[in-house]
file upload00.txt (compact mmCIF, C-alpha atoms and all ligand atoms)
# COMPACT_ATOMS: atom_id res chain seq x y z
CA MET U 24 -74.24 104.20 2.01
CA ARG U 25 -75.25 100.97 0.29
CA ILE U 26 -73.71 97.92 1.94
CA ALA U 27 -73.90 94.41 0.50
CA VAL U 28 -72.97 91.38 2.59
CA MET U 29 -71.61 88.49 0.53
CA GLY U 30 -72.14 85.22 2.45
CA ALA U 31 -74.94 85.97 4.90
CA GLY U 32 -74.36 83.35 7.60
CA SER U 33 -73.46 83.93 11.26
CA ILE U 34 -71.08 86.86 10.84
CA GLY U 35 -72.77 88.33 7.76
CA CYS U 36 -76.24 88.40 9.33
CA HIS U 37 -74.83 89.75 12.60
CA LEU U 38 -72.98 92.62 10.89
CA GLY U 39 -75.63 93.30 8.24
CA GLY U 40 -78.43 93.17 10.81
CA HIS U 41 -76.72 95.71 13.05
CA LEU U 42 -76.01 98.04 10.14
CA ALA U 43 -79.52 97.88 8.67
CA GLY U 44 -81.45 101.04 9.35
CA GLN U 45 -78.46 103.02 10.69
CA GLY U 46 -78.94 106.55 9.36
CA ASP U 47 -78.78 106.39 5.60
CA VAL U 48 -77.34 102.86 5.45
CA GLU U 49 -79.10 100.37 3.13
CA VAL U 50 -78.17 96.72 3.59
CA THR U 51 -78.48 93.84 1.12
CA LEU U 52 -77.76 90.35 2.43
CA ILE U 53 -76.61 87.83 -0.18
CA GLY U 54 -76.79 84.24 1.00
CA ARG U 55 -78.13 80.79 0.28
CA PRO U 56 -81.79 80.72 -0.87
CA ALA U 57 -83.15 78.77 2.14
CA ALA U 58 -81.43 81.03 4.66
CA MET U 59 -82.50 84.18 2.81
CA ALA U 60 -86.12 82.96 2.63
CA VAL U 61 -86.16 82.80 6.44
CA VAL U 62 -84.84 86.36 6.71
CA ALA U 63 -87.34 87.60 4.10
CA GLU U 64 -90.15 86.12 6.15
CA GLN U 65 -89.09 86.67 9.77
CA GLY U 66 -86.26 89.21 9.67
CA LEU U 67 -83.32 88.70 12.01
CA THR U 68 -83.07 88.39 15.77
CA LEU U 69 -79.64 89.33 17.10
CA THR U 70 -78.85 88.57 20.72
CA SER U 71 -75.83 89.06 22.93
CA GLY U 72 -75.12 89.04 26.65
CA ARG U 73 -73.84 92.59 26.13
CA ARG U 74 -76.72 94.49 24.47
CA GLU U 75 -80.50 94.42 24.35
CA PRO U 76 -81.82 91.89 21.78
CA LEU U 77 -82.26 93.49 18.38
CA HIS U 78 -85.06 92.49 16.03
CA VAL U 79 -84.53 93.54 12.43
CA SER U 80 -87.79 93.46 10.52
CA PRO U 81 -87.84 91.91 7.02
CA GLY U 82 -88.53 95.34 5.51
CA ALA U 83 -85.39 96.85 7.05
CA LEU U 84 -83.08 95.08 4.63
CA THR U 85 -83.00 93.47 1.19
CA VAL U 86 -82.22 89.78 0.79
CA ALA U 87 -80.93 88.03 -2.31
CA ALA U 88 -79.39 84.74 -3.36
CA ASP U 89 -77.36 86.11 -6.26
CA ALA U 90 -74.25 88.27 -6.34
CA SER U 91 -75.88 90.59 -8.88
CA ALA U 92 -77.72 92.13 -5.90
CA ALA U 93 -74.38 93.76 -4.95
CA ALA U 94 -74.59 96.04 -8.02
CA GLY U 95 -74.52 99.64 -6.87
CA ALA U 96 -73.02 98.84 -3.45
CA ASP U 97 -70.51 101.32 -2.02
CA VAL U 98 -69.17 98.71 0.39
CA VAL U 99 -69.22 94.91 0.23
CA LEU U 100 -68.55 92.87 3.37
CA VAL U 101 -67.23 89.41 2.51
CA THR U 102 -68.24 86.87 5.14
CA VAL U 103 -68.05 83.52 3.37
CA LYS U 104 -65.77 80.83 4.80
CA SER U 105 -62.19 81.03 3.50
CA ASP U 106 -62.56 78.25 0.94
CA GLY U 107 -65.46 80.14 -0.66
CA THR U 108 -63.63 83.46 -1.07
CA ARG U 109 -62.39 83.06 -4.64
CA ALA U 110 -65.74 81.82 -5.93
CA ALA U 111 -67.58 84.63 -4.12
CA ALA U 112 -65.20 87.22 -5.59
CA ARG U 113 -65.68 85.84 -9.10
CA GLU U 114 -69.45 86.03 -8.68
CA LEU U 115 -69.20 89.63 -7.47
CA ALA U 116 -66.68 90.83 -10.09
CA PRO U 117 -69.07 91.60 -12.98
CA HIS U 118 -71.39 93.60 -10.72
CA LEU U 119 -69.10 95.88 -8.71
CA ALA U 120 -68.19 99.39 -9.82
CA PRO U 121 -64.49 100.31 -9.87
CA GLY U 122 -63.47 101.69 -6.48
CA THR U 123 -66.11 99.80 -4.50
CA VAL U 124 -64.72 99.09 -1.03
CA VAL U 125 -64.61 95.35 -0.31
CA VAL U 126 -63.87 94.28 3.26
CA SER U 127 -62.92 90.74 4.30
CA PHE U 128 -64.33 90.03 7.77
CA GLN U 129 -62.96 86.46 7.71
CA ASN U 130 -60.52 84.34 9.66
CA GLY U 131 -57.31 83.18 7.98
CA LEU U 132 -54.43 85.13 6.46
CA HIS U 133 -55.01 85.25 2.72
CA ASN U 134 -58.62 86.19 2.04
CA ALA U 135 -57.89 89.85 1.33
CA ALA U 136 -55.11 88.84 -1.08
CA VAL U 137 -57.46 86.47 -2.92
CA LEU U 138 -60.06 89.25 -3.14
CA ARG U 139 -57.42 91.64 -4.54
CA GLU U 140 -56.44 89.11 -7.19
CA GLU U 141 -60.03 88.65 -8.33
CA LEU U 142 -61.18 92.26 -7.86
CA PRO U 143 -58.25 94.37 -9.06
CA ARG U 144 -60.39 97.45 -9.75
CA GLN U 145 -61.91 97.54 -6.26
CA THR U 146 -60.32 98.60 -2.96
CA VAL U 147 -59.93 95.62 -0.65
CA LEU U 148 -59.54 96.16 3.10
CA THR U 149 -58.89 93.66 5.87
CA GLY U 150 -61.25 93.32 8.82
CA MET U 151 -61.31 91.07 11.85
CA VAL U 152 -64.12 89.77 14.06
CA PRO U 153 -62.74 88.85 17.50
CA TYR U 154 -65.89 87.36 18.92
CA ASN U 155 -68.11 84.38 18.41
CA VAL U 156 -71.50 84.42 16.68
CA LEU U 157 -73.59 81.27 16.47
CA GLN U 158 -76.85 80.65 14.62
CA THR U 159 -79.09 79.27 17.36
CA GLU U 160 -82.17 78.85 15.13
CA PRO U 161 -82.86 79.91 11.54
CA GLY U 162 -82.78 83.71 11.53
CA ARG U 163 -81.47 83.98 15.12
CA PHE U 164 -77.82 84.79 15.80
CA HIS U 165 -76.18 84.98 19.22
CA GLN U 166 -72.92 86.79 20.03
CA GLY U 167 -71.31 84.74 22.79
CA THR U 168 -68.03 86.52 23.46
CA GLY U 169 -66.85 90.13 23.40
CA GLY U 170 -64.26 92.41 21.81
CA ALA U 171 -63.93 95.13 19.19
CA LEU U 172 -64.17 94.61 15.44
CA MET U 173 -60.98 95.72 13.70
CA LEU U 174 -60.49 97.17 10.25
CA ASP U 175 -57.68 98.72 8.20
CA ASP U 176 -57.24 102.37 9.13
CA ASP U 177 -58.02 103.76 5.69
CA VAL U 178 -59.99 106.83 4.73
CA LEU U 179 -62.12 104.66 2.43
CA GLY U 180 -63.11 102.44 5.35
CA ALA U 181 -63.97 105.36 7.64
CA PRO U 182 -67.71 105.57 6.74
CA LEU U 183 -68.08 101.86 7.51
CA VAL U 184 -66.25 102.25 10.83
CA ALA U 185 -68.62 105.12 11.69
CA ALA U 186 -71.71 103.10 10.74
CA LEU U 187 -70.58 100.07 12.77
CA ALA U 188 -69.91 102.28 15.78
CA ALA U 189 -73.30 103.97 15.39
CA SER U 190 -74.95 100.54 15.38
CA GLY U 191 -73.60 99.88 18.88
CA LEU U 192 -70.81 97.49 17.85
CA ARG U 193 -67.32 98.16 19.19
CA VAL U 194 -64.90 98.87 16.34
CA GLN U 195 -61.29 100.02 15.98
CA ALA U 196 -59.47 101.27 12.85
CA ARG U 197 -55.93 99.83 13.01
CA ALA U 198 -52.70 100.42 11.13
CA ASP U 199 -51.36 96.94 11.98
CA MET U 200 -53.97 94.58 10.53
CA ARG U 201 -51.32 92.11 9.35
CA GLU U 202 -50.11 91.65 12.93
CA VAL U 203 -53.76 91.56 14.09
CA GLN U 204 -54.46 88.73 11.66
CA TYR U 205 -51.55 86.67 12.98
CA ALA U 206 -52.75 87.29 16.54
CA LYS U 207 -56.25 86.17 15.52
CA LEU U 208 -54.76 83.07 13.93
CA LEU U 209 -53.20 82.21 17.30
CA MET U 210 -56.68 82.45 18.88
CA ASN U 211 -58.24 80.46 16.05
CA LEU U 212 -55.91 77.52 16.69
CA ASN U 213 -58.41 76.80 19.46
CA ASN U 214 -61.25 76.33 16.93
CA ALA U 215 -60.09 72.77 16.17
CA VAL U 216 -59.62 71.91 19.85
CA ASN U 217 -63.08 73.24 20.62
CA ALA U 218 -64.72 71.49 17.66
CA LEU U 219 -63.19 68.13 18.59
CA SER U 220 -63.96 68.54 22.29
CA GLY U 221 -67.70 68.78 21.64
CA VAL U 222 -68.09 71.07 24.67
CA PRO U 223 -68.74 74.83 24.80
CA LEU U 224 -65.76 77.20 24.77
CA ARG U 225 -65.99 78.15 28.44
CA ALA U 226 -65.95 74.54 29.64
CA GLN U 227 -63.21 73.65 27.15
CA LEU U 228 -60.98 76.56 28.16
CA GLY U 229 -61.62 75.71 31.81
CA ASP U 230 -59.97 72.30 31.29
CA ARG U 231 -56.18 72.13 31.50
CA SER U 232 -55.80 69.21 29.08
CA TYR U 233 -57.66 71.02 26.31
CA ARG U 234 -55.73 74.21 27.10
CA SER U 235 -52.48 72.23 26.85
CA CYS U 236 -53.51 71.12 23.34
CA LEU U 237 -53.93 74.78 22.41
CA ALA U 238 -50.62 75.64 24.09
CA LEU U 239 -48.82 73.04 21.93
CA CYS U 240 -50.35 74.54 18.79
CA GLN U 241 -49.57 78.12 19.81
CA ARG U 242 -45.96 77.28 20.71
CA GLU U 243 -45.40 75.80 17.26
CA ALA U 244 -47.08 78.84 15.71
CA LEU U 245 -44.99 81.34 17.67
CA THR U 246 -41.80 79.54 16.64
CA ALA U 247 -42.85 79.65 12.99
CA PHE U 248 -43.89 83.33 13.26
CA HIS U 249 -40.49 84.15 14.77
CA ALA U 250 -38.72 82.38 11.91
CA GLU U 251 -40.81 84.42 9.44
CA GLY U 252 -40.07 87.67 11.32
CA ILE U 253 -43.70 88.24 12.38
CA ARG U 254 -44.64 89.77 15.72
CA PRO U 255 -48.37 89.15 16.28
CA ALA U 256 -50.29 92.05 17.82
CA GLN U 257 -51.23 91.89 21.48
CA LEU U 258 -55.04 91.84 21.43
CA GLY U 259 -55.78 91.20 25.11
CA ALA U 260 -54.11 91.58 28.47
CA VAL U 261 -51.51 88.89 27.76
CA LYS U 262 -48.54 89.12 25.38
CA PRO U 263 -48.80 86.42 22.67
CA ALA U 264 -45.49 84.83 23.77
CA LEU U 265 -46.85 84.34 27.30
CA MET U 266 -50.03 82.57 26.20
CA PRO U 267 -48.66 78.97 26.09
CA PRO U 268 -47.29 79.01 29.66
CA LEU U 269 -50.49 80.72 30.87
CA LEU U 270 -52.65 78.07 29.22
CA ARG U 271 -50.71 75.27 30.91
CA LEU U 272 -51.37 76.57 34.44
CA PRO U 273 -53.51 74.36 36.72
CA ASP U 274 -57.24 75.05 36.41
CA ALA U 275 -57.64 76.89 39.71
CA VAL U 276 -54.73 79.26 38.97
CA PHE U 277 -55.74 79.77 35.33
CA THR U 278 -59.32 80.57 36.29
CA ARG U 279 -58.09 83.39 38.52
CA ALA U 280 -55.32 84.63 36.18
CA ALA U 281 -57.37 84.62 32.97
CA LYS U 282 -60.78 85.89 34.09
CA ALA U 283 -61.27 87.96 30.92
CA MET U 284 -60.59 84.96 28.66
CA LEU U 285 -63.31 83.00 30.44
CA ALA U 286 -65.89 85.80 30.27
CA ILE U 287 -67.76 83.80 27.65
CA ASP U 288 -71.43 82.79 27.50
CA ALA U 289 -71.79 79.23 28.73
CA THR U 290 -73.19 78.10 25.37
CA ALA U 291 -70.67 79.78 23.00
CA ARG U 292 -68.76 77.45 20.66
CA SER U 293 -66.29 77.96 17.83
CA SER U 294 -67.44 78.39 14.24
CA MET U 295 -65.63 75.12 13.44
CA TRP U 296 -67.84 73.27 15.90
CA GLU U 297 -70.86 74.70 14.06
CA ASP U 298 -69.38 73.49 10.74
CA LEU U 299 -69.03 69.91 12.03
CA GLN U 300 -72.51 70.07 13.55
CA ARG U 301 -73.98 71.07 10.18
CA GLY U 302 -71.90 68.57 8.18
CA ARG U 303 -69.86 71.28 6.41
CA LEU U 304 -66.16 71.24 5.57
CA THR U 305 -64.14 73.35 8.02
CA GLU U 306 -61.52 76.08 7.66
CA VAL U 307 -58.82 73.99 9.37
CA ASP U 308 -56.49 74.19 6.36
CA SER U 309 -56.55 78.01 6.66
CA LEU U 310 -55.78 77.82 10.40
CA GLN U 311 -53.71 74.80 11.56
CA GLY U 312 -52.72 74.30 7.90
CA GLU U 313 -51.13 77.77 7.79
CA ILE U 314 -48.87 76.93 10.72
CA VAL U 315 -47.79 73.63 9.18
CA ALA U 316 -47.00 75.39 5.88
CA LEU U 317 -45.21 78.31 7.54
CA ALA U 318 -43.12 75.98 9.72
CA GLY U 319 -42.26 73.88 6.65
CA ARG U 320 -41.00 76.94 4.78
CA HIS U 321 -38.41 77.44 7.54
CA GLY U 322 -37.32 73.82 7.88
CA LEU U 323 -39.39 73.47 11.06
CA THR U 324 -42.21 71.08 11.91
CA ALA U 325 -45.59 71.68 13.55
CA PRO U 326 -46.69 68.17 14.54
CA ALA U 327 -49.47 69.14 16.97
CA ASN U 328 -51.07 71.40 14.36
CA ALA U 329 -50.67 68.75 11.66
CA ARG U 330 -52.24 66.08 13.85
CA LEU U 331 -55.17 68.32 14.82
CA ALA U 332 -55.79 69.15 11.16
CA ALA U 333 -55.84 65.43 10.36
CA LEU U 334 -58.28 64.74 13.21
CA VAL U 335 -60.59 67.54 12.02
CA HIS U 336 -60.49 66.14 8.48
CA GLU U 337 -61.49 62.73 9.93
CA ALA U 338 -64.33 64.41 11.82
CA GLU U 339 -65.51 66.08 8.59
CA GLN U 340 -66.13 62.59 7.17
CA ALA U 341 -68.60 61.69 9.96
CA PRO U 342 -72.30 62.41 9.34
CA ALA U 343 -73.34 65.87 10.62
CA GLY U 344 -73.19 66.15 14.40
CA THR U 345 -71.83 62.64 15.00
CA ALA U 346 -68.07 63.28 15.11
CA ARG U 347 -66.24 61.78 18.10
CA ALA U 348 -66.16 64.09 21.15
CA TRP U 349 -62.57 63.86 22.39
CA SER U 350 -61.82 64.07 26.11
CA GLY U 351 -59.03 66.49 27.03
CA PRO U 352 -56.56 63.78 28.11
CA ASP U 353 -57.21 61.68 24.97
CA LEU U 354 -56.77 64.65 22.65
CA LEU U 355 -53.59 65.75 24.41
CA ALA U 356 -52.18 62.20 24.25
CA ALA U 357 -53.00 62.07 20.52
CA LEU U 358 -51.13 65.33 19.91
CA ARG U 359 -48.14 64.41 22.11
CA ALA U 360 -47.81 61.05 20.36
CA HIS U 361 -46.96 63.00 17.23
CA GLY U 362 -44.88 65.68 18.94
N1 LIG U 401 -68.96 82.45 13.41
C1 LIG U 401 -68.06 83.02 14.18
O1 LIG U 401 -68.19 83.05 15.40
C2 LIG U 401 -66.84 83.68 13.61
C3 LIG U 401 -66.50 83.50 12.28
N2 LIG U 401 -65.41 84.17 11.78
C4 LIG U 401 -65.04 84.02 10.38
O2 LIG U 401 -66.00 84.69 9.57
C5 LIG U 401 -66.13 84.03 8.31
C6 LIG U 401 -67.61 83.65 8.14
O3 LIG U 401 -67.93 82.70 9.14
P1 LIG U 401 -69.42 82.31 9.51
O4 LIG U 401 -70.29 83.50 9.43
O5 LIG U 401 -69.35 81.55 10.77
O6 LIG U 401 -69.77 81.34 8.29
P2 LIG U 401 -71.18 80.79 7.84
O7 LIG U 401 -70.92 79.50 7.17
O8 LIG U 401 -72.16 80.86 8.97
O9 LIG U 401 -71.65 81.89 6.78
C7 LIG U 401 -71.25 81.96 5.45
C8 LIG U 401 -72.51 81.81 4.60
O10 LIG U 401 -72.22 82.21 3.29
C9 LIG U 401 -72.80 81.26 2.40
N3 LIG U 401 -72.09 81.35 1.13
C10 LIG U 401 -70.88 80.84 0.82
N4 LIG U 401 -70.57 81.16 -0.45
C11 LIG U 401 -71.60 81.88 -0.93
C12 LIG U 401 -71.86 82.47 -2.19
N5 LIG U 401 -70.97 82.43 -3.18
N6 LIG U 401 -73.03 83.13 -2.35
C13 LIG U 401 -73.93 83.20 -1.35
N7 LIG U 401 -73.74 82.65 -0.13
C14 LIG U 401 -72.58 81.99 0.08
C15 LIG U 401 -72.60 79.95 3.13
O11 LIG U 401 -73.41 78.92 2.58
P3 LIG U 401 -72.80 77.42 2.48
O12 LIG U 401 -72.52 76.97 3.88
O13 LIG U 401 -73.89 76.70 1.79
O14 LIG U 401 -71.55 77.54 1.66
C16 LIG U 401 -73.00 80.36 4.54
O15 LIG U 401 -74.40 80.34 4.69
C17 LIG U 401 -65.20 82.81 8.39
O16 LIG U 401 -63.96 83.12 7.82
C18 LIG U 401 -65.05 82.58 9.87
O17 LIG U 401 -63.85 81.94 10.24
C19 LIG U 401 -64.67 85.03 12.53
C20 LIG U 401 -64.97 85.22 13.86
C21 LIG U 401 -66.03 84.53 14.51
C1 LIG U 402 -64.35 83.94 18.06
C2 LIG U 402 -63.48 82.76 17.71
C3 LIG U 402 -62.05 83.07 18.07
C4 LIG U 402 -63.78 81.59 18.57
O1 LIG U 402 -65.06 81.28 18.69
C5 LIG U 402 -63.62 82.52 16.24
O2 LIG U 402 -63.01 83.24 15.48
C6 LIG U 402 -64.42 81.45 15.61
O3 LIG U 402 -65.27 80.83 16.24
O4 LIG U 402 -64.20 81.23 14.40
call {"tool": "encode", "arguments": {"input": "upload00.txt", "output": "structure tokens"}}
result
Amino acid sequence: MRIAVMGAGSIGCHLGGHLAGQGDVEVTLIGRPAAMAVVAEQGLTLTSGRREPLHVSPGALTVAADASAAAGADVVLVTVKSDGTRAAARELAPHLAPGTVVVSFQNGLHNAAVLREELPRQTVLTGMVPYNVLQTEPGRFHQGTGGALMLDDDVLGAPLVAALAASGLRVQARADMREVQYAKLLMNLNNAVNALSGVPLRAQLGDRSYRSCLALCQREALTAFHAEGIRPAQLGAVKPALMPPLLRLPDAVFTRAAKAMLAIDATARSSMWEDLQRGRLTEVDSLQGEIVALAGRHGLTAPANARLAALVHEAEQAPAGTARAWSGPDLLAALRAHG
């Protein structure tokens, strides 16, 4: 099986690196020239608190900076940020054979639909990555949280599911990926809180004020989902509707009640934090922005989500790594002032 990864950053290198060398799998990473030069020279080092470190030698995969390298692929994993999906699909389009399986392993709700619009002769599937991967140094990627990858339960995706499982990654084929995506969106509402907090996920989720910010966002989201008739999947031990009250519990009670949620490496941070650190635009319009838009369609408002999106856009204007680090009480006050 020939697998091309379009957008070889944190998730793309993590998935492509694990798949490289599995049985008869051949992997081509397509990414930015500087990043691909590092992989061509040093290979990849993939770490996790859950498995032995994996070093992928440069010869174990092919690297490229141009979408034409996807020609001949059986499967293409799309791992660009949401605002790069349409451009990536247009670059891929001339090179993919009809029937090629294209899988979006991105956050947000509409990436698979955008891919289908641009790649009508290919089969587009939806995937989901539940855990965090951070580039700690060029060519080194660390998985900081746990969980199983999810993918449409489709016969055309089955070889990929098998290859991911053989590589040691946990993976589930699911018939309810739409509901999974809405559940992931609920989780991703924390990306903005984490990015603005400036502290790692574990410390941020251990702080009631930050958790209350997330609870405000999730409550607005659940109301909008209800109005739209969407029941998000339950991905962990807690039903989505019970998340906001759980998050608002005092620290000592929350720490005991939500042990699994806090089983996170001490250094793990959200991908949005990494974007601000590197001076990149974020995906906040595909996360908080979705809730604001969905609420609006039903005559509702989502003021906490709208305010967080505005604060993230302000932070995007600051030079890389210099955005204000908000304390929990200040951030909560800023959101409540607009509630
Ligand atoms: N990182 C994480 O922990 C998680 C991320 N996700 C989701 O996965 C998706 C990918 O995220 P992540 O891996 O963090 O993102 P990254 O920014 O680390 O990786 C994407 C890479 O693709 C490059 N790229 C973009 N467009 C092209 C193109 N047309 N051709 C070649 N390279 C391109 C980007 O370069 P440039 O920056 O120059 O555009 C970047 O290097 C997102 O939707 C994210 O929300 C989901 C779960 C966890
Ligand atoms: C894993 C999670 C939910 C939080 O880190 C994420 O999706 C991200 O960082 O984008």
call {"tool": "closest_residue", "arguments": {"input": "upload00.txt", "among": "U:Ala63, U:Ala136, U:Met151, U:Val28", "to": "ligand LIG 402 (chain U)", "atoms": "only C-alpha atoms and all ligand atoms"}}
result
U:Met151
call {"tool": "closest_residue", "arguments": {"input": "upload00.txt", "among": "U:Leu355, U:Leu299, U:Met284, U:Cys36", "to": "Gln166 in chain U", "atoms": "only C-alpha atoms"}}
result
U:Cys36
call {"tool": "residues_near_ligand", "arguments": {"input": "upload00.txt", "ligand": "ligand LIG 402 (chain U)", "cutoff": "6 Å", "atoms": "all atoms listed in the file", "output": "MDAnalysis selection string"}}
result
chainID U and resid 153:155 210:211 292:294
call {"tool": "residues_around", "arguments": {"input": "upload00.txt", "residues": "Leu84 in chain U", "least_positions_apart": "3", "cutoff": "12 Å", "atoms": "only C-alpha atoms", "output": "NGL selection string"}}
result
:U and (25-28 or 36 or 39-45 or 48-53 or 59 or 62-67 or 78-81 or 87)
call {"tool": "residues_near_ligand", "arguments": {"input": "upload00.txt", "ligand": "ligand LIG 401 (chain U)", "cutoff": "7 Å", "atoms": "only C-alpha atoms and all ligand atoms", "output": "ChimeraX atom specification"}}
result
/U:29-35,53-55,88-90,102-105,107,110-111,114,128-131,151-157,293-294,303,306
call {"tool": "closest_residue", "arguments": {"input": "upload00.txt", "among": "U:Ala332, U:Met24, U:Leu265, U:Ile287", "to": "Arg225 in chain U", "atoms": "all atoms listed in the file"}}
result
U:Ile287
call {"tool": "atom_distance", "arguments": {"input": "upload00.txt", "atom1": "CA of Leu174 in chain U", "atom2": "CA of Asp288 in chain U"}}
result
25.0 Å
call {"tool": "closest_residue", "arguments": {"input": "upload00.txt", "among": "U:Ala60, U:Ala218, U:Val126, U:Leu179", "to": "Ala291 in chain U", "atoms": "all atoms listed in the file"}}
result
U:Ala218
call {"tool": "closest_residue", "arguments": {"input": "upload00.txt", "among": "U:Ala281, U:Leu183, U:Cys236, U:Ala316", "to": "Ala360 in chain U", "atoms": "only C-alpha atoms"}}
result
U:Cys236
call {"tool": "closest_residue", "arguments": {"input": "upload00.txt", "among": "U:Ser220, U:Gly229, U:Ser235, U:Ala171", "to": "Arg279 in chain U", "atoms": "only C-alpha atoms"}}
result
U:Gly229
